[in-house]
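Novice: My structure is stored as protein21.txt, with compact mmCIF, C-alpha atoms and all ligand atoms.
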# COMPACT_ATOMS: atom_id res chain seq x y z
CA MET A 30 -117.75 -26.63 -45.78
CA ILE A 31 -116.73 -23.53 -47.66
CA PRO A 32 -119.15 -23.19 -50.59
CA ILE A 33 -116.78 -21.15 -52.81
CA LYS A 34 -113.60 -21.97 -54.70
CA PHE A 35 -110.54 -19.89 -53.86
CA GLU A 36 -106.81 -20.04 -54.40
CA TYR A 37 -104.35 -20.27 -51.49
CA TYR A 38 -100.90 -18.61 -51.57
CA LYS A 39 -98.29 -18.76 -48.86
CA VAL A 40 -95.60 -16.06 -48.95
CA ASP A 41 -92.31 -15.58 -47.09
CA THR A 42 -91.81 -11.82 -47.37
CA LEU A 43 -93.83 -8.63 -47.19
CA GLU A 44 -92.78 -7.76 -50.75
CA GLU A 45 -94.14 -11.08 -52.05
CA ALA A 46 -97.38 -10.60 -50.13
CA PHE A 47 -97.98 -7.11 -51.47
CA GLN A 48 -97.05 -8.13 -55.02
CA ALA A 49 -99.32 -11.18 -54.86
CA PHE A 50 -102.17 -8.99 -53.59
CA ASN A 51 -101.82 -6.54 -56.49
CA GLU A 52 -101.52 -9.25 -59.14
CA LEU A 53 -104.53 -11.18 -57.84
CA ASN A 54 -106.48 -7.96 -57.47
CA SER A 55 -105.78 -6.95 -61.05
CA GLN A 56 -107.06 -10.40 -62.11
CA GLY A 57 -110.34 -9.57 -60.30
CA LYS A 58 -109.80 -12.27 -57.67
CA ASN A 59 -110.71 -10.13 -54.65
CA PRO A 60 -107.72 -11.37 -52.59
CA MET A 61 -107.55 -11.25 -48.80
CA TYR A 62 -104.62 -11.53 -46.42
CA TYR A 63 -105.01 -14.64 -44.30
CA SER A 64 -103.67 -14.69 -40.77
CA GLY A 65 -105.40 -17.03 -38.29
CA GLY A 66 -108.16 -17.42 -40.88
CA THR A 67 -110.93 -17.79 -38.30
CA GLU A 68 -112.96 -14.82 -39.45
CA ILE A 69 -112.37 -15.49 -43.15
CA ILE A 70 -113.44 -19.14 -42.84
CA THR A 71 -116.47 -18.34 -40.67
CA MET A 72 -117.66 -15.68 -43.08
CA ALA A 73 -116.97 -17.80 -46.17
CA ARG A 74 -118.93 -20.70 -44.66
CA ALA A 75 -121.86 -18.36 -44.05
CA ASN A 76 -121.59 -17.04 -47.60
CA ASN A 77 -120.81 -13.55 -46.34
CA ILE A 78 -117.60 -13.09 -48.34
CA ASN A 79 -116.57 -14.20 -51.75
CA MET A 80 -112.79 -14.05 -52.03
CA GLY A 81 -111.12 -15.65 -55.03
CA ALA A 82 -107.75 -15.97 -53.27
CA VAL A 83 -106.14 -15.77 -49.87
CA ILE A 84 -102.54 -14.82 -49.13
CA ASP A 85 -101.28 -16.50 -45.97
CA ILE A 86 -98.91 -14.17 -44.10
CA LYS A 87 -97.84 -16.63 -41.41
CA GLY A 88 -94.67 -17.46 -43.34
CA ILE A 89 -93.42 -13.87 -42.91
CA THR A 90 -91.02 -13.95 -39.95
CA GLU A 91 -91.60 -10.33 -38.97
CA CYS A 92 -95.36 -10.89 -38.69
CA CYS A 93 -94.89 -13.86 -36.36
CA THR A 94 -92.36 -12.60 -33.84
CA MET A 95 -92.83 -10.96 -30.50
CA GLU A 96 -89.71 -9.42 -28.96
CA MET A 97 -88.32 -6.48 -26.99
CA ARG A 98 -86.19 -4.13 -29.08
CA ASP A 99 -84.97 -0.62 -28.07
CA ASN A 100 -87.25 -0.63 -24.99
CA LYS A 101 -90.27 -1.40 -27.12
CA LEU A 102 -92.33 -4.52 -27.42
CA ASN A 103 -92.64 -5.48 -31.09
CA ILE A 104 -95.64 -7.71 -31.75
CA GLY A 105 -96.07 -9.14 -35.24
CA SER A 106 -99.58 -8.99 -36.65
CA ALA A 107 -99.80 -12.80 -36.95
CA VAL A 108 -98.96 -13.35 -33.28
CA THR A 109 -101.87 -15.12 -31.62
CA LEU A 110 -103.89 -13.85 -28.70
CA SER A 111 -102.77 -16.84 -26.63
CA GLN A 112 -99.08 -16.05 -27.27
CA ILE A 113 -99.73 -12.48 -26.10
CA SER A 114 -101.57 -13.44 -22.92
CA GLU A 115 -99.14 -16.23 -22.05
CA SER A 116 -96.08 -13.99 -22.54
CA LYS A 117 -97.26 -11.82 -19.60
CA ILE A 118 -95.09 -8.96 -20.92
CA PHE A 119 -97.76 -6.28 -21.12
CA PRO A 120 -100.38 -7.15 -18.49
CA LEU A 121 -103.20 -4.92 -19.80
CA LEU A 122 -102.91 -6.28 -23.35
CA GLY A 123 -102.48 -9.83 -22.02
CA GLN A 124 -105.61 -9.58 -19.92
CA THR A 125 -107.56 -8.13 -22.85
CA ALA A 126 -106.42 -10.94 -25.17
CA ALA A 127 -107.23 -13.58 -22.57
CA ARG A 128 -110.88 -12.45 -22.46
CA ILE A 129 -111.49 -12.75 -26.23
CA ALA A 130 -113.14 -16.09 -27.13
CA ASP A 131 -111.90 -19.26 -25.36
CA HIS A 132 -108.37 -20.59 -25.06
CA THR A 133 -108.64 -23.01 -27.98
CA VAL A 134 -109.82 -20.24 -30.31
CA GLN A 135 -107.24 -17.79 -28.91
CA CYS A 136 -104.52 -20.12 -30.20
CA LYS A 137 -105.72 -19.23 -33.74
CA LEU A 138 -106.96 -15.64 -33.46
CA THR A 139 -104.26 -13.10 -34.25
CA ILE A 140 -103.85 -9.55 -33.11
CA GLY A 141 -103.73 -8.40 -36.75
CA GLY A 142 -106.98 -10.21 -37.49
CA ASN A 143 -108.59 -8.66 -34.42
CA LEU A 144 -107.59 -5.16 -35.55
CA CYS A 145 -108.17 -5.55 -39.30
CA GLY A 146 -111.24 -7.79 -39.32
CA THR A 147 -114.88 -6.85 -39.60
CA ILE A 148 -116.08 -7.90 -36.12
CA ILE A 149 -116.84 -4.60 -34.46
CA TYR A 150 -115.31 -5.07 -31.02
CA LYS A 151 -111.55 -5.14 -31.81
CA GLU A 152 -110.84 -5.30 -28.10
CA THR A 153 -107.06 -5.47 -28.48
CA SER A 154 -107.18 -1.92 -29.83
CA LEU A 155 -108.08 -0.58 -26.37
CA PRO A 156 -104.69 -1.02 -24.64
CA LEU A 157 -102.93 -0.05 -27.86
CA ILE A 158 -104.74 3.28 -28.29
CA LEU A 159 -104.17 4.09 -24.61
CA CYS A 160 -100.43 3.50 -24.87
CA ASP A 161 -99.44 5.73 -27.78
CA SER A 162 -98.41 2.60 -29.65
CA SER A 163 -97.41 2.67 -33.27
CA ALA A 164 -98.31 0.45 -36.20
CA VAL A 165 -95.85 -0.80 -38.79
CA ILE A 166 -97.50 -1.02 -42.19
CA PHE A 167 -96.23 -2.29 -45.53
CA GLY A 168 -97.58 -0.95 -48.81
CA LYS A 169 -96.80 0.77 -52.10
CA ASN A 170 -93.85 2.75 -50.76
CA GLY A 171 -92.48 -0.02 -48.58
CA ARG A 172 -92.61 0.14 -44.82
CA ARG A 173 -94.05 3.01 -42.78
CA GLU A 174 -94.51 3.50 -39.06
CA VAL A 175 -97.45 5.55 -37.82
CA GLN A 176 -98.97 6.40 -34.47
CA LEU A 177 -101.92 4.05 -34.07
CA ASN A 178 -104.09 6.95 -32.90
CA GLN A 179 -103.57 8.59 -36.30
CA ILE A 180 -104.87 5.70 -38.36
CA PHE A 181 -107.23 3.99 -35.95
CA ASP A 182 -110.53 5.80 -36.07
CA LYS A 183 -113.31 3.32 -35.30
CA LYS A 184 -111.27 0.86 -37.38
CA LEU A 185 -107.77 0.55 -38.78
CA ASN A 186 -107.68 2.65 -41.92
CA LEU A 187 -105.28 0.80 -44.20
CA LEU A 188 -104.93 1.66 -47.88
CA PRO A 189 -105.93 -1.05 -50.40
CA GLY A 190 -103.42 -3.91 -50.29
CA GLU A 191 -101.55 -2.60 -47.26
CA ILE A 192 -100.48 -5.16 -44.65
CA LEU A 193 -100.36 -4.53 -40.96
CA VAL A 194 -96.88 -5.84 -40.14
CA GLY A 195 -97.00 -5.30 -36.38
CA LEU A 196 -97.33 -3.04 -33.39
CA LYS A 197 -94.77 -1.32 -31.18
CA ILE A 198 -95.42 -0.43 -27.56
CA ASP A 199 -93.08 1.45 -25.25
CA GLU A 200 -92.19 -0.58 -22.15
CA ARG A 201 -92.85 2.42 -19.88
CA TYR A 202 -96.56 1.60 -20.14
CA PHE A 203 -96.24 -1.95 -18.87
CA SER A 204 -95.92 -1.04 -15.20
CA LEU A 205 -98.59 1.69 -15.03
CA PRO A 206 -101.67 1.10 -12.86
CA TYR A 207 -104.51 -0.21 -15.01
CA VAL A 208 -108.04 -1.55 -14.99
CA HIS A 209 -109.57 -4.01 -17.42
CA VAL A 210 -113.24 -4.91 -17.10
CA LYS A 211 -115.21 -6.99 -19.58
CA LYS A 212 -118.93 -7.38 -18.97
CA THR A 213 -120.91 -9.86 -21.03
CA LYS A 214 -124.58 -10.77 -21.26
CA SER A 215 -124.34 -14.08 -19.38
CA ASP A 216 -121.42 -16.42 -20.17
CA LYS A 217 -117.88 -15.37 -19.35
CA ILE A 218 -116.85 -16.09 -22.95
CA ALA A 219 -118.93 -13.90 -25.24
CA TYR A 220 -118.88 -10.66 -27.13
CA PRO A 221 -118.68 -7.67 -24.82
CA LEU A 222 -121.67 -5.85 -23.52
CA LEU A 223 -119.03 -3.42 -22.39
CA THR A 224 -115.26 -3.62 -22.14
CA VAL A 225 -113.36 -0.84 -20.43
CA ALA A 226 -109.59 -0.53 -20.41
CA ALA A 227 -108.06 2.31 -18.43
CA LEU A 228 -104.67 3.29 -17.14
CA LYS A 229 -103.14 6.08 -15.13
CA LYS A 230 -100.20 8.00 -16.56
CA ASP A 231 -98.71 11.16 -14.99
CA ASP A 232 -101.66 11.23 -12.60
CA LYS A 233 -104.18 11.35 -15.46
CA ILE A 234 -106.60 8.55 -16.32
CA ARG A 235 -106.89 7.37 -19.91
CA ILE A 236 -109.87 5.23 -20.82
CA ALA A 237 -111.09 3.32 -23.89
CA PHE A 238 -114.30 1.39 -24.58
CA SER A 239 -115.51 -1.51 -26.69
CA GLY A 240 -119.02 -2.94 -26.98
CA LEU A 241 -120.66 0.36 -26.10
CA HIS A 242 -120.71 1.94 -29.57
CA PRO A 243 -120.47 -0.01 -32.85
CA TYR A 244 -116.70 0.54 -32.73
CA PRO A 245 -113.97 0.79 -30.10
CA PHE A 246 -113.01 4.31 -29.07
CA ARG A 247 -111.25 6.72 -26.75
CA ASN A 248 -112.96 10.09 -26.18
CA LYS A 249 -111.22 13.33 -25.18
CA GLU A 250 -114.31 14.89 -23.60
CA VAL A 251 -114.77 11.79 -21.43
CA GLU A 252 -111.14 11.85 -20.30
CA ASN A 253 -111.37 15.57 -19.48
CA LEU A 254 -114.40 14.91 -17.31
CA ILE A 255 -112.71 11.98 -15.57
CA ASN A 256 -109.65 14.03 -14.78
CA TYR A 257 -111.57 17.11 -13.64
CA GLU A 258 -110.59 17.24 -9.99
CA SER A 259 -113.36 19.27 -8.40
CA MET A 260 -116.26 17.08 -9.46
CA SER A 261 -117.81 14.14 -7.61
CA HIS A 262 -117.59 10.64 -9.13
CA LYS A 263 -121.38 10.58 -9.31
CA ASN A 264 -121.51 13.80 -11.26
CA LYS A 265 -118.70 12.71 -13.59
CA THR A 266 -120.45 9.41 -14.29
CA SER A 267 -123.76 11.01 -15.24
CA GLN A 268 -122.05 13.58 -17.49
CA ILE A 269 -120.00 10.87 -19.22
CA ILE A 270 -123.13 8.81 -19.87
CA GLU A 271 -124.73 11.93 -21.35
CA VAL A 272 -121.71 12.48 -23.65
CA LEU A 273 -121.72 8.86 -24.85
CA SER A 274 -125.42 8.13 -24.93
CA SER A 275 -126.29 8.98 -28.54
CA SER A 276 -124.45 6.00 -30.10
CA ILE A 277 -124.94 3.33 -27.44
CA LEU A 278 -125.66 -0.07 -29.00
CA ASN A 279 -129.08 -1.63 -28.61
CA ASP A 280 -128.81 -5.24 -29.79
CA THR A 281 -129.06 -8.90 -28.83
CA GLU A 282 -126.17 -8.55 -26.37
CA GLY A 283 -128.14 -5.93 -24.42
CA SER A 284 -130.42 -2.91 -24.66
CA SER A 285 -128.91 0.56 -24.61
CA GLU A 286 -130.57 1.21 -21.24
CA TYR A 287 -128.94 -1.90 -19.77
CA ARG A 288 -125.59 -0.91 -21.26
CA LYS A 289 -125.91 2.52 -19.61
CA PHE A 290 -126.57 0.83 -16.28
CA VAL A 291 -123.49 -1.39 -16.72
CA LEU A 292 -121.44 1.62 -17.82
CA LYS A 293 -122.45 3.57 -14.72
CA ASN A 294 -121.31 0.82 -12.34
CA THR A 295 -118.15 0.08 -14.30
CA LEU A 296 -117.11 3.73 -14.37
CA GLU A 297 -117.64 4.13 -10.64
CA ASN A 298 -115.52 1.04 -9.93
CA THR A 299 -112.84 2.18 -12.37
CA PHE A 300 -112.57 5.59 -10.66
CA LYS A 301 -112.30 3.93 -7.28
CA MET A 302 -109.63 1.48 -8.41
CA LEU A 303 -107.47 4.05 -10.19
CA ASN A 304 -107.87 6.80 -7.63
CA GLU A 305 -106.69 4.52 -4.90
CA VAL A 306 -103.28 3.99 -6.54
C1 LIG B 1 -115.46 -17.52 -31.51
C2 LIG B 1 -114.98 -16.09 -31.69
C3 LIG B 1 -115.21 -15.19 -30.66
C4 LIG B 1 -114.77 -13.85 -30.78
N1 LIG B 1 -114.96 -12.98 -29.75
C5 LIG B 1 -114.47 -11.73 -29.82
C6 LIG B 1 -114.58 -10.84 -28.73
O1 LIG B 1 -115.18 -11.14 -27.71
N2 LIG B 1 -114.00 -9.61 -28.86
C7 LIG B 1 -113.32 -9.22 -29.97
O2 LIG B 1 -112.79 -8.12 -30.02
N3 LIG B 1 -113.25 -10.05 -31.04
C8 LIG B 1 -113.79 -11.27 -30.99
N4 LIG B 1 -113.67 -12.11 -32.06
C9 LIG B 1 -113.06 -11.57 -33.28
C10 LIG B 1 -111.67 -12.05 -33.42
O3 LIG B 1 -110.79 -11.53 -32.45
C11 LIG B 1 -111.15 -11.71 -34.80
O4 LIG B 1 -112.10 -12.13 -35.75
C12 LIG B 1 -109.88 -12.46 -34.98
O5 LIG B 1 -108.88 -12.00 -34.15
C13 LIG B 1 -109.51 -12.64 -36.35
O6 LIG B 1 -108.19 -13.14 -36.35
P1 LIG B 1 -107.71 -14.07 -37.50
O7 LIG B 1 -106.23 -14.09 -37.40
O8 LIG B 1 -108.39 -15.38 -37.50
O9 LIG B 1 -108.16 -13.20 -38.77
P2 LIG B 1 -108.35 -13.64 -40.27
O10 LIG B 1 -109.62 -14.42 -40.42
O11 LIG B 1 -107.12 -14.24 -40.82
O12 LIG B 1 -108.52 -12.19 -40.93
C14 LIG B 1 -109.60 -11.34 -40.56
C15 LIG B 1 -109.55 -10.11 -41.49
O13 LIG B 1 -108.39 -9.31 -41.20
C16 LIG B 1 -107.58 -9.17 -42.37
N5 LIG B 1 -106.19 -9.26 -41.90
C17 LIG B 1 -105.70 -10.17 -41.04
N6 LIG B 1 -104.41 -9.90 -40.77
C18 LIG B 1 -104.09 -8.81 -41.50
C19 LIG B 1 -102.89 -8.04 -41.65
N7 LIG B 1 -101.78 -8.36 -40.98
N8 LIG B 1 -102.90 -6.96 -42.47
C20 LIG B 1 -104.04 -6.63 -43.14
N9 LIG B 1 -105.20 -7.32 -43.05
C21 LIG B 1 -105.22 -8.39 -42.23
C22 LIG B 1 -107.97 -10.32 -43.28
O14 LIG B 1 -107.73 -10.05 -44.63
C23 LIG B 1 -109.45 -10.44 -42.97
O15 LIG B 1 -110.17 -9.45 -43.65
C24 LIG B 1 -114.11 -13.43 -31.97
C25 LIG B 1 -113.91 -14.36 -33.01
C26 LIG B 1 -114.32 -15.67 -32.87
C27 LIG B 1 -114.06 -16.63 -34.00
Spell out the structure here as structure tokens.
Specialist:
Amino acid sequence: MIPIKFEYYKVDTLEEAFQAFNELNSQGKNPMYYSGGTEIITMARANNINMGAVIDIKGITECCTMEMRDNKLNIGSAVTLSQISESKIFPLLGQTAARIADHTVQCKLTIGGNLCGTIIYKETSLPLILCDSSAVIFGKNGRREVQLNQIFDKKLNLLPGEILVGLKIDERYFSLPYVHVKKTKSDKIAYPLLTVAALKKDDKIRIAFSGLHPYPFRNKEVENLINYESMSHKNKTSQIIEVLSSSILNDTEGSSEYRKFVLKNTLENTFKMLNEV
């Protein structure tokens, strides 16, 4: 049961959604956009949020479609993780989505909710930040398109009331060699102890992490070390661990020492896999 009273609005357009948000906000109703609703409902049940209204964006066609246009995959923010993995269009993103929660839950969880929510892992951001993807956002001045890397820094930095409409990814990335590894504490379906997504473009490896720090990230220094030719894998691995060690999580999923151990093995396997292609 949800122990708070809140109003529910369903809108058909981005304009209606943004207008509803501003009106409800000015009435002090602390509105929230509602996509799959899983995080909102879970947090409301636990008394961790107190919204006075939700605005359901699943009636907005653009948020719910996934299609190829001008050599780019357009994914609406309300597209579910199961739709993404089952489409098999972008293997790295599909594999990432398929390892978040179980299949039943994936049919509800949306990519927008994964990127905009408060759960720290945001694993779908990893392929997106590796692939120079862009985000379409709707706000005060209408629609804008920005490079995800410009607005995703630990989290998606939207302005108040802005809606993530969708993501665009160039199809050239779909056929690149990639690695996706998700390590969990015990069960296959769990929050990540460490998730690594990596791909090789123009002979250079790009790599992004979730579960290691309290936010997902890509790190230039780490990528420079990885791509430094005259250094052994062993040496690279120990230097990367040194670079990343100060913020490594130490929580119920695993101690920071255990995470370092998992990171070491995962990095060595990732180098092997990507250097062999
Ligand atoms: C059982 C379970 C296991 C999970 N395991 C993992 C995991 O292993 N790894 C991982 O990364 N995540 C995990 N998650 C987190 C999950 O991926 C996100 O919570 C989820 O995707 C939320 O999607 P939703 O559509 O239900 O979001 P909602 O509950 O609808 O929204 C979540 C938040 O995002 C905001 N929001 C949603 N869409 C938009 C939009 N288009 N524009 C602006 N704001 C928006 C909402 O206002 C709200 O604040 C798990 C969640 C559950 C329930």
Novice: Step by step, measure atom-to-atom distances between ligand LIG 1 (chain B) and each residue using only C-alpha atoms and all ligand atoms, keep those at most 7 Å, then write them as a ChimeraX atom specification.
Specialist: /A:61-70,106-107,128-130,134,137-143,145-153,191-194,219-221
Novice: Leaving out region 72-74 of chain A and any residue of its chain fewer than 4 positions from it, which residues lie within 9 Å of it when counting all atoms listed in the file, given as number ranges by chain?
Specialist: A: 30-33, 67-68, 78-80
Novice: Once you count only C-alpha atoms, what closest atom pair and distance in Å to one decimal does each residue of region 136-216 of chain A within 7 Å of region 37-57 of chain A have, with rows by chain and rising residue number, as JSON lines?
Specialist:
{"residue": "A:Phe167", "atom": "CA", "partner": "A:Leu43", "partner_atom": "CA", "distance": 7.0}
{"residue": "A:Gly168", "atom": "CA", "partner": "A:Phe47", "partner_atom": "CA", "distance": 6.7}
{"residue": "A:Gly190", "atom": "CA", "partner": "A:Phe50", "partner_atom": "CA", "distance": 6.2}
Novice: If you measure from CA of Leu102 (chain A) to CA of Asp182 (chain A), what distance in Å do you get, rounded to one decimal?
Specialist: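 Separation of CA of Leu102 (chain A) and CA of Asp182 (chain A): 22.6 Å.
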Novice: Select, from A:Glu282, A:Leu185, A:Leu296, A:Glu250, the residue with the minimum atom-to-atom distance to Val210 (chain A), counting only C-alpha atoms.
Specialist: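 Closest candidate: A:Leu296.
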Novice: Quick one: pull the distance between CA of Leu205 (chain A) and CA of Met95 (chain A), Å, one decimal.
Specialist: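 It comes out at 20.8 Å.
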Novice: Using all atoms listed in the file for the distances, tell me which of A:Ile269, A:Ala126, A:Ile198, A:Ala164 is nearest to Lys101 (chain A).
Specialist: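 Among the listed residues, the smallest separation from Lys101 (chain A) belongs to A:Ile198.
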Novice: Between A:Gly195, A:Phe300, A:Gly240, A:Lys58, which residue has the minimum interatomic distance to Thr90 (chain A), considering all atoms listed in the file?
Specialist: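 Of A:Gly195, A:Phe300, A:Gly240, A:Lys58, the one nearest Thr90 (chain A) is A:Gly195, counting all atoms listed in the file.
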Novice: How far is it from CA of Pro206 (chain A) to CA of Leu303 (chain A), in Å with one decimal?
Specialist: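 These two atoms are separated by 7.0 Å.
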Novice: Of the candidates A:Lys184, A:Lys301, A:Lys212, A:Arg288, which shows the shortest atom-to-atom distance to Ile255 (chain A), using only C-alpha atoms?
Specialist: A:Lys301
Novice: Near Val272 (chain A), counting only C-alpha atoms, which residues have an atom at most 12 Å away, once you skip same-chain residues fewer than 3 positions from it, shown as JSON, numbers by chain?
Specialist: {"A": [248, 249, 250, 251, 252, 253, 254, 265, 266, 267, 268, 269, 275, 276, 277, 289]}
Novice: Rank nothing, just name the residue among A:Gly171, A:Gly105, A:Pro60, A:Pro245 nearest to Val83 (chain A), using all atoms listed in the file.
Specialist: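 Residue with the minimum atom-to-atom distance to Val83 (chain A): A:Pro60.
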Novice: Hey, what's within 7 Å of region 225-237 of chain A if we count only C-alpha atoms and toss same-chain stuff fewer than 2 positions away? As number ranges by chain, please?
Specialist: A: 155-156, 159, 205-211, 223, 239, 246-247, 252, 256, 303
Novice: Can you pull out every residue within 9 Å of Leu157 (chain A), counting all atoms listed in the file, but drop anything in the same chain fewer than 6 positions away, and send it as a list of chain:residue names?
Specialist: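 That gives A:Leu122, A:Ser163, A:Leu177, A:Asn178, A:Leu196, A:Lys197, A:Ile198.
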Novice: From the options A:Met302, A:Arg201, A:Arg172, A:Ile166, which residue's atoms come nearest to Asn186 (chain A), counting only C-alpha atoms?
Specialist: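 Going through A:Met302, A:Arg201, A:Arg172, A:Ile166 one by one, the smallest distance to Asn186 (chain A) is for A:Ile166.
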Novice: Might you pull out every residue within 9 Å of Met97 (chain A), with all atoms listed in the file counted and same-chain residues fewer than 6 positions away left off, and present them as a PyMOL selection string?
Specialist: chain A and resi 103-104+200
Novice: Complete region 123-137 of chain A with N, CA and C atoms (output as a tab-separated table (two decimals), in the coordinates of the input).
Specialist:
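Saved the output as selection.tsv:
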chain	number	residue	atom	x	y	z
A	123	GLY	N	-102.34	-8.40	-22.28
A	123	GLY	CA	-102.48	-9.83	-22.02
A	123	GLY	C	-103.86	-10.17	-21.47
A	124	GLN	N	-104.30	-9.35	-20.53
A	124	GLN	CA	-105.61	-9.58	-19.92
A	124	GLN	C	-106.73	-9.38	-20.94
A	125	THR	N	-106.56	-8.39	-21.80
A	125	THR	CA	-107.56	-8.13	-22.85
A	125	THR	C	-107.64	-9.33	-23.80
A	126	ALA	N	-106.47	-9.81	-24.23
A	126	ALA	CA	-106.42	-10.94	-25.17
A	126	ALA	C	-107.03	-12.19	-24.54
A	127	ALA	N	-106.76	-12.37	-23.26
A	127	ALA	CA	-107.23	-13.58	-22.57
A	127	ALA	C	-108.75	-13.61	-22.42
A	128	ARG	N	-109.42	-12.49	-22.60
A	128	ARG	CA	-110.88	-12.45	-22.46
A	128	ARG	C	-111.60	-12.44	-23.82
A	129	ILE	N	-110.85	-12.67	-24.91
A	129	ILE	CA	-111.49	-12.75	-26.23
A	129	ILE	C	-111.63	-14.23	-26.61
A	130	ALA	N	-112.85	-14.68	-26.80
A	130	ALA	CA	-113.14	-16.09	-27.13
A	130	ALA	C	-112.58	-17.03	-26.05
A	131	ASP	N	-112.45	-18.35	-26.38
A	131	ASP	CA	-111.90	-19.26	-25.36
A	131	ASP	C	-110.46	-19.61	-25.74
A	132	HIS	N	-109.81	-20.37	-24.86
A	132	HIS	CA	-108.37	-20.59	-25.06
A	132	HIS	C	-108.06	-21.30	-26.37
A	133	THR	N	-108.90	-22.27	-26.74
A	133	THR	CA	-108.64	-23.01	-27.98
A	133	THR	C	-108.68	-22.05	-29.17
A	134	VAL	N	-109.68	-21.18	-29.19
A	134	VAL	CA	-109.82	-20.24	-30.31
A	134	VAL	C	-108.70	-19.19	-30.26
A	135	GLN	N	-108.33	-18.79	-29.04
A	135	GLN	CA	-107.24	-17.79	-28.91
A	135	GLN	C	-105.92	-18.27	-29.52
A	136	CYS	N	-105.76	-19.58	-29.61
A	136	CYS	CA	-104.52	-20.12	-30.20
A	136	CYS	C	-104.50	-19.88	-31.71
A	137	LYS	N	-105.63	-19.51	-32.29
A	137	LYS	CA	-105.72	-19.23	-33.74
A	137	LYS	C	-105.86	-17.73	-34.00
